[in-house]
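Undergrad: Below are the structure tokens for one structure; questions will follow.
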Amino acid sequence: MDTWVGMVFSNLVAFFIILTTAATLHAHGETHIDSALQAAEALRPLAGAGAYWLFTLGIIGTGMLGVPVLVGSCAYAVSEGAAWKGSLERKPRQAPRFYGVMAIAMMVGLALNFARLDAVKMLFYSAVVNGLLAPPLILLVILLTSDPKVMGARVSPPVLRYLGWITFVVMIAAAVGMLVTW
């Protein structure tokens with residue numbers, strides 16, 4: 001639940017940051033932004049100091065919401081995949097590998113920050129990779145949750161399978177469309 005709530009709010013904040021920044025910048029002819037700092041600086045003369053500070057606080061707030069959620073969801077995914085007992089409800093001594101994954105994920109993120117890589121390009125390419133990986137993962141989820149050998153009596157209902165297949169087809173079409181137009 002903590003991952004779900006955190007991701008909803010961090011994505012909501014990020015969406016409105018993107019929307020307001022894009023609308024403001026595009027209206028004034030700014031169409032090439034390479035960093036969050038550049039976007040914040042570009043907003044200052046267009047919308048005043050308030051827009052600059054709102055953008056800055058929004059980016060910081062999104063990071064404060066998103067980073068712990070991403071680190072935690074990474075630890076949960078690795079723990080579940082490796083069949084470890086791990087949870088934020090456990091003390092670090094009770095789940096050292098879980099908390100170790102969290103520490104490593106945080107250090108990797110920190111190292112990327114100091115590596116002077118272009119954050120905007122990293123976000124773009126990570127979104128591209130996620131878009132390309134989504135269809136096979138969706139297919140795997142549909143097949144696993146539809147199989148009584150895996151799920152027993154808790155197979156997904158027909159409506160969810162139908163929606164899953166629609167999502168799969170849409171994601172395949174989006175991935176193909178992206179690759180064709182790249």
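Chain labels follow the order of the structure tokens: the first chain is A, the next B, and so on; residue numbering restarts at 1 in every chain, and ligands are counted from 1 in their shown order.
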Which neighbours of Ala83 (chain A) fall inside 12 Å, counting only C-alpha atoms, when residues of the same chain fewer than 5 positions from it are skipped, and could you give them as a count of residues only?
TA: 7
Undergrad: Choose the residue, out of A:Ala49, A:Ala22, A:Val170, A:Met106, that has the smallest atom-to-atom separation from Pro68 (chain A); count only C-alpha atoms.
TA: A:Met106
Undergrad: Excluding region 125-129 of chain A and any residue of its chain fewer than 5 positions from it, enumerate the residues within 10 Å of it, using only C-alpha atoms, and give them as a ChimeraX atom specification.
TA: /A:119-120,134,175,178-179
Undergrad: Applying 10 Å and only C-alpha atoms, which residues near region 36-41 of chain A remain after dropping the ones on its own chain fewer than 2 positions away? List them as a VMD selection string.
TA: chain A and resid 21 to 22 25 30 32 to 34 43 to 46 49 51 to 56 59 119 to 120
Undergrad: Next, write the just-selected residues to a file, as a PDB file, in the first residue's frame, keeping C-alpha atoms as the atom set.
TA:
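And here's selection.pdb as it stands now:
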```
ATOM      1  CA  THR A  21       6.162  23.704 -17.394  1.00  0.00           C
ATOM      2  CA  ALA A  22       5.495  22.518 -20.942  1.00  0.00           C
ATOM      3  CA  LEU A  25       7.700  27.151 -21.938  1.00  0.00           C
ATOM      4  CA  GLU A  30      11.315  27.377 -25.342  1.00  0.00           C
ATOM      5  CA  HIS A  32      14.699  22.421 -25.817  1.00  0.00           C
ATOM      6  CA  ILE A  33      15.319  21.757 -22.118  1.00  0.00           C
ATOM      7  CA  ASP A  34      18.213  19.549 -20.970  1.00  0.00           C
ATOM      8  CA  LEU A  43      10.352  29.712 -16.112  1.00  0.00           C
ATOM      9  CA  ARG A  44      11.612  32.607 -13.998  1.00  0.00           C
ATOM     10  CA  PRO A  45      11.414  35.363 -16.668  1.00  0.00           C
ATOM     11  CA  LEU A  46       8.217  33.934 -18.150  1.00  0.00           C
ATOM     12  CA  ALA A  49       9.872  34.054  -9.234  1.00  0.00           C
ATOM     13  CA  ALA A  51       6.850  29.768 -10.892  1.00  0.00           C
ATOM     14  CA  TYR A  52      10.559  29.148 -10.415  1.00  0.00           C
ATOM     15  CA  TRP A  53      10.095  28.318  -6.727  1.00  0.00           C
ATOM     16  CA  LEU A  54       6.978  26.251  -7.378  1.00  0.00           C
ATOM     17  CA  PHE A  55       8.859  24.185  -9.967  1.00  0.00           C
ATOM     18  CA  THR A  56      11.859  23.819  -7.654  1.00  0.00           C
ATOM     19  CA  ILE A  59      10.923  18.667  -8.093  1.00  0.00           C
ATOM     20  CA  ALA A 119      19.362  13.248 -16.056  1.00  0.00           C
ATOM     21  CA  VAL A 120      16.796  14.239 -18.671  1.00  0.00           C
TER      22      VAL A 120
END
```
Undergrad: Need the shell around region 13-15 of chain A: protein/DNA/RNA residues with any atom at most 10 Å away, counting only C-alpha atoms. Skip same-chain ones fewer than 5 positions apart. Format as a list in words?
TA: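 Close residues of region 13-15 of chain A: Met7, Val8, Thr20, Thr21, Gly58, Ile59, Gly61, Thr62, Gly63, Leu65 and Gly66 of chain A.
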Undergrad: Can you pull out every residue from region 48-157 of chain A that DSSP, working from the backbone, puts in helix (DSSP H, G or I), and format the result as JSON, numbers by chain?
TA: {"A": [49, 50, 51, 52, 53, 54, 55, 56, 57, 58, 59, 60, 61, 62, 63, 64, 65, 66, 67, 68, 69, 70, 71, 72, 73, 74, 75, 76, 77, 78, 79, 80, 81, 96, 97, 98, 99, 100, 101, 102, 103, 104, 105, 106, 107, 108, 109, 110, 111, 112, 113, 114, 119, 120, 121, 122, 123, 124, 125, 126, 127, 128, 129, 130, 131, 132, 133, 134, 135, 136, 137, 138, 139, 140, 141, 142, 143, 144, 145, 146, 148, 149, 150, 151, 152, 153, 154]}
Undergrad: Neighbouring residues of Ala105 (chain A) were defined as those with any atom within 10 Å, considering only C-alpha atoms; residues of the same chain fewer than 5 positions away were excluded. Please report them as a list in words.
TA: Val67, Leu70, Val71, Gly72, Cys74, Ala75, Tyr99, Gly100, Leu110 and Ala111 of chain A
Undergrad: Using CA of Met122 (chain A) and CA of Ala23 (chain A) as the two end points, give the distance in Å to one decimal.
TA: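 Taking CA of Met122 (chain A) and CA of Ala23 (chain A), their separation equals 22.6 Å.
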